[in-house]
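Chemist: The structure's right below; bear with me while I get my questions together.
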Amino acid sequence: MDVEILARVQFAFTIMFHYIYAPLSIGIGVVLVIMESLWLKTGNPKFHNMARFWTRIFALTFAIGVATGIVMQFEFGTNWATYSRFVGDIFGSVLAAEGIFAFFLESGFLAILLFGWNKVGPKFHYFATWMVCLGAHFSAIWIVIANSWMQTPAGFHLERTVNGVPEILPKGHVLTDADLGSVRAVVDDFWAILFNPSSMDRLTHVILGAWMAGAFLVISISAYYILRQRHLEFAKSSMRVGLAFGALATFLQIFVSAPDTAEGVLKNQPVKLAAMEGVFKTEPYTPMALFGWVDTENNRVIGPQIPGMLSFLSYGNFEQPVTGLLDLPPDEFLIPRYPQASPEELKEIRRGYWPKVNFTFQVYHLMISIGMALLGIIIVALFFWWRGWLFNAEWWVSRWFLVVLILSVLGPQIANQAGWFTAEIGRQPWVVYEMLKTSDALSKVVRAEEVLASLILFAAVYLLLFLLFIYTLNRKIAHGPDDEESSEEMPASWKAVIRQDNKLNH
Amino acid sequence: MDLNIIWFVLVGILFTGYAMLDGFDLGVGALHLFVKKDEHRRLMLNAIGPVWDGNEVWLVVGGGALFAAFPEAYATVLSGFYLPFMLLLVSLIFRGVAIEFRSKEEWAWWRSMWDVAFSAGSVLSAFLIGVAMGNIVRGIPLGPDFEFTGRVLDLLNPYALFMGVTTVLLFMMHGAIYVSMKTEGEMQAIVRGWIPRLIGLFLVAFFLFNIYTLIEVPWVLETVRQRPWIIFVAVASVLIALNIPREIHKGREFSAFLSSCAVMALMMVTFGLTYFPHMVLSSPDVANSLTIYNAASSQKTLGITLTFAIIGFPLVLTYTVCVYYIFRGKVILTKHSY
């Protein structure tokens, strides 16, 4: 195996593992803010208890998220040194901003969130919870901006440095092998980098996905308690919070963010969109495949298709064609790169600028299917809640639905990963879109054996971490919340928050 | 004073902050197996419990700042030190999660397993950081394209290894002082018993390290000849190091801790003043060295990131001071402690 594939597998593996935890800490972060708000607002100790329990779950996901996050910060330099030299001016500064504005905020207030119950008053604790939640969101903001810049670069020019003298290259300069190491992207307009064409769409999409991950974890664990008839009061309240938050996130994701994101891909990365949908021929009434298999030999999709649907979703009318892969990337892109090539040759060359079409198609459709399933689950759950069936563990239908809810935690996790696969596989062969190829971005001095060694090391360590995570999470769930608000747990100053009417009810 | 110099200083401040803060976490890890009772081990863990994670952020942000301000140095060092760096990352992961998982079960084998992971991870992290620093000081072979041209084994030269050991000893001393500041009674008595020996060991290593540097790294002596005032800083660091036993003797742990921080800071200042304007020194081919100019991002980026730093640093200092203030005083074990 060569360095490229090993380095890509290593990056994919380490980021995927990290991405189990990062969205959870964003999503549960919001849940914690909601619960503490309810506690301070109502003065009902039940909500204090909920905040305590979910903070323990949060702490676990956060610890692994941080530990695996450090790796990401350095992996650009270790495995992708040429990339780092090329984009350091832009990408590096965005990463630095993430560190300064997000990580310090998050980790500083995390200490108070986790260990501050007896050290600070309820209001200050509430403030710390907000800050941790904000920090997690800031982190997502900066890193998604950095990634989006790679997808849709903006606000920069290319510069070649020879003997320490920089020379600005004209717009549209095509990188050659000789340019690697001496040419770099240099910032022109920082605001254009921040608000590059895809950053806001993708950021919304990522954050809503993270909210869904957090909400469905809460829903799942609460459903388990209800099914088992344990900690019922706690579980019902948690379920209500999780469901309300999950419903909000899911509706926004599917009805607002998803169409926006797809539209953005259509506009900014037509090759990726064509691969996602398996469109080869540019034809009016472009059909949309619901599912299927892409036959890349014959340039077609085998599976049920709705005629004109993709045209309609893309442009609002059934007729306007969506450009297919056979015309992508367009001649204007290819001809400056291959001025000598005949139209026949261009046909073959063109394929070299496609991602793996079937793979992109499948992961994209997996994400869509799971999104739809989650939407269905949310609608049924809201209906059951409204009818008063949701918490009825006597009725077999409700019981089975609770089982579905327990399993639903996997949904956002798989969809989030599949979505990132779509985004990252779908933009290949580029690491910086239409500028730097992934195969040119590697570290020149790192050998395949070294990457293989580190990959094996990470695989072993992360597998162990994952098993421990599941084990510990399971233990925490089995232990459950502290059944009652025991008086020794809550410091005296916090008791002032408890309202008289709640005390009587309790 | 240009932006490149400012960023040289800022990156230095971040890594110094990392050494002063995570230094005691790693030191506590290195000392961990020397205490036998579970209760004492828990006290040591909980002494760093609320802060270790924030301390590690200094490393992450230091890395980010290096990437932003001096991408060539970031790329050269990380790809050049590939395997040691991967090992460092895995060590840091292990010691971090060990703190989290250790307390989850009471079983003796479980706890001792995590104790070993925590301690080995900490020692290895400190050691590898030292080895990396040693190589940076000594200089590494770079090609005209600033790519590392040596082999992994070259990085394990005796000088760098010695710097690794010195770093472990420095962090152990620092960690012991921190623990004695954060605990009382029996635990404190144990750790106070170690401090004089740890200080002694560190001072010997530190002294030998300075001599070794003068012999092994020729450019240091040359630079000191050109910038003789560096000697004052170096002497100050030695004097402050000698002040640590004095403060401990008088029972002033906090002053001892500050002195220990000051020693680290002055060591970094000495290094920075001598190394300037280099980022990564190339040896033997000095012409291929990365400096704060040829390794840097554009002036515009340095300016933008400086704005981030100006907004961010006061905030960061506020959180850090706040957290240390809130968690001041001696550690008390509760139900939810590690």
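Labels for the structure tokens follow display order: chains A, B, ..., residues from 1 in each chain, ligands from 1.
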Can you pull out the residues contacting B:Val60? Cut-off 12 Å, using only C-alpha atoms, and skip same-chain residues under 5 positions away; I want them as number ranges by chain.
Modeler: A: 66-75, 95-100, 102-104, 107; B: 11, 14-15, 17-18, 22, 53-55, 65-67, 89, 92
Chemist: Check which residues of chain A sit at most 8 Å from chain B using only C-alpha atoms, and return one row each with the closest pair of atoms and their distance in Å to one decimal, ordered by chain and rising number, as CSV.
Modeler:
```
residue,atom,partner,partner_atom,distance
A:Leu60,CA,B:Glu100,CA,7.6
A:Ala63,CA,B:Val97,CA,6.7
A:Ile64,CA,B:Val97,CA,6.9
A:Val66,CA,B:Asp53,CA,7.9
A:Ala67,CA,B:Ile93,CA,4.9
A:Thr68,CA,B:Ile93,CA,6.8
A:Ile70,CA,B:Val60,CA,6.3
A:Val71,CA,B:Leu89,CA,6.1
A:Gln73,CA,B:Val60,CA,6.6
A:Phe74,CA,B:Gly63,CA,7.0
A:Phe76,CA,B:Ala75,CA,7.8
A:Gly77,CA,B:Ala75,CA,4.5
A:Thr78,CA,B:Ser79,CA,4.1
A:Asn79,CA,B:Ser79,CA,6.3
A:Trp80,CA,B:Ala75,CA,7.8
A:Ala81,CA,B:Ala75,CA,4.6
A:Thr82,CA,B:Ala75,CA,7.3
A:Ser84,CA,B:Ala75,CA,6.0
A:Arg85,CA,B:Glu72,CA,5.5
A:Gly88,CA,B:Pro71,CA,5.0
A:Asp89,CA,B:Ser297,CA,5.0
A:Ile90,CA,B:Thr301,CA,7.3
A:Phe91,CA,B:Ala68,CA,7.3
A:Gly92,CA,B:Ala68,CA,3.9
A:Ser93,CA,B:Ala68,CA,4.3
A:Val94,CA,B:Ala68,CA,7.7
A:Leu95,CA,B:Gly64,CA,5.7
A:Ala96,CA,B:Gly64,CA,4.4
A:Ala97,CA,B:Phe308,CA,6.6
A:Gly99,CA,B:Val61,CA,4.9
A:Ile100,CA,B:Gly312,CA,5.8
A:Phe101,CA,B:Gly312,CA,6.3
A:Phe103,CA,B:Val57,CA,6.5
A:Phe104,CA,B:Val316,CA,6.2
A:Leu105,CA,B:Tyr319,CA,7.2
A:Ser107,CA,B:Gly54,CA,4.8
A:Gly108,CA,B:Gly54,CA,5.7
A:Phe109,CA,B:Tyr319,CA,7.5
A:Ala111,CA,B:Pro50,CA,4.7
A:Ile112,CA,B:Val323,CA,7.2
A:Leu114,CA,B:Pro50,CA,7.8
A:Phe115,CA,B:Pro50,CA,6.5
A:Gly116,CA,B:Ile326,CA,8.0
A:Lys119,CA,B:Ile326,CA,6.6
A:Val120,CA,B:Ile326,CA,7.6
A:Gly164,CA,B:Asn294,CA,6.7
A:Gly181,CA,B:Asp145,CA,7.1
A:Val186,CA,B:Ser298,CA,6.7
A:Val187,CA,B:Thr301,CA,6.6
A:Asp188,CA,B:Lys300,CA,7.9
A:Ser443,CA,B:Ser79,CA,6.2
A:Lys444,CA,B:Glu147,CA,7.5
A:Val445,CA,B:Ser79,CA,6.7
A:Val446,CA,B:Ser79,CA,6.4
A:Glu450,CA,B:Leu83,CA,6.8
A:Ser454,CA,B:Met86,CA,6.4
A:Phe458,CA,B:Val90,CA,7.5
A:Val461,CA,B:Val90,CA,7.7
A:Leu468,CA,B:Phe101,CA,7.9
A:Thr472,CA,B:Lys104,CA,7.3
```
Chemist: Enumerate as a VMD selection string all residues of stretch 217-279 of chain B assigned to alpha helix (DSSP H) by DSSP on the backbone, naming them with the chain letters and numbers the document uses.
Modeler: chain B and resid 218 to 226 230 to 249 253 to 275
Chemist: Let's have the selection written as a short mmCIF file (atom, residue, chain, number, x, y, z; two decimals), in the first residue's frame, with C-alpha atoms.
Modeler:
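Ended up saving to selection-v4.cif:
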```cif
data_model
loop_
_atom_site.label_atom_id
_atom_site.label_comp_id
_atom_site.auth_asym_id
_atom_site.auth_seq_id
_atom_site.Cartn_x
_atom_site.Cartn_y
_atom_site.Cartn_z
CA PRO B 218 28.79 24.69 18.97
CA TRP B 219 26.55 27.49 17.80
CA VAL B 220 25.36 28.14 21.36
CA LEU B 221 28.77 29.27 22.53
CA GLU B 222 29.21 31.44 19.46
CA THR B 223 25.86 33.09 19.98
CA VAL B 224 26.55 33.69 23.65
CA ARG B 225 29.80 35.39 22.68
CA GLN B 226 27.84 37.74 20.44
CA ILE B 230 22.15 36.04 27.74
CA ILE B 231 24.38 34.82 30.55
CA PHE B 232 22.48 37.03 32.99
CA VAL B 233 19.23 35.29 32.11
CA ALA B 234 20.84 31.88 32.40
CA VAL B 235 22.36 32.78 35.76
CA ALA B 236 19.01 34.12 36.93
CA SER B 237 17.38 30.80 36.08
CA VAL B 238 20.01 28.94 38.11
CA LEU B 239 19.61 31.31 41.08
CA ILE B 240 15.85 30.95 41.02
CA ALA B 241 16.23 27.17 40.81
CA LEU B 242 18.35 27.38 43.95
CA ASN B 243 15.63 29.45 45.58
CA ILE B 244 13.18 26.53 45.34
CA PRO B 245 14.73 24.48 48.18
CA ARG B 246 14.86 27.63 50.29
CA GLU B 247 11.14 28.33 49.85
CA ILE B 248 10.30 24.69 50.54
CA HIS B 249 12.41 24.76 53.68
CA GLU B 253 4.92 26.02 48.75
CA PHE B 254 3.27 28.66 46.65
CA SER B 255 6.46 30.68 46.36
CA ALA B 256 8.35 27.51 45.57
CA PHE B 257 5.82 26.76 42.84
CA LEU B 258 6.17 30.24 41.39
CA SER B 259 9.95 29.87 41.45
CA SER B 260 9.66 26.59 39.63
CA CYS B 261 7.45 28.26 37.02
CA ALA B 262 9.98 31.07 36.74
CA VAL B 263 12.79 28.57 36.16
CA MET B 264 10.86 27.12 33.23
CA ALA B 265 10.06 30.53 31.85
CA LEU B 266 13.70 31.65 32.11
CA MET B 267 14.91 28.44 30.50
CA MET B 268 12.59 29.17 27.59
CA VAL B 269 13.71 32.80 27.48
CA THR B 270 17.36 31.72 27.43
CA PHE B 271 16.55 29.32 24.64
CA GLY B 272 14.57 31.93 22.70
CA LEU B 273 17.24 34.63 23.02
CA THR B 274 19.95 32.26 21.90
CA TYR B 275 17.96 30.62 19.13
#
```
Chemist: Extract, using only C-alpha atoms, all DNA, RNA and protein residues at most 9 Å from A:Ile141, discarding same-chain residues fewer than 4 positions from it, and format them as a PyMOL selection string.
Modeler: chain A and resi 98+136-137+145-146+199-200+203+207
Chemist: Kindly save the residues from that selection, with C-alpha atoms included, as an mmCIF file, in the first residue's frame.
Modeler:
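Below is the file out12.cif, written as the result:
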```
data_model
loop_
_atom_site.group_PDB
_atom_site.id
_atom_site.type_symbol
_atom_site.label_atom_id
_atom_site.label_comp_id
_atom_site.auth_asym_id
_atom_site.auth_seq_id
_atom_site.Cartn_x
_atom_site.Cartn_y
_atom_site.Cartn_z
ATOM 1 C CA GLU A 98 -10.429 27.788 17.090
ATOM 2 C CA ALA A 136 -18.318 23.604 21.736
ATOM 3 C CA HIS A 137 -20.283 25.539 19.121
ATOM 4 C CA ILE A 145 -15.149 27.215 8.184
ATOM 5 C CA ALA A 146 -11.670 25.750 7.730
ATOM 6 C CA SER A 199 -19.360 27.837 5.041
ATOM 7 C CA MET A 200 -22.721 29.009 6.384
ATOM 8 C CA LEU A 203 -22.060 24.981 9.376
ATOM 9 C CA ILE A 207 -24.573 21.931 14.025
#
```
Chemist: So which residues touch B:Glu39 within 9 Å, counting only C-alpha atoms, skipping near sequence neighbours fewer than 4 positions away, as an MDAnalysis selection string?
Modeler: chainID B and resid 43:44 333
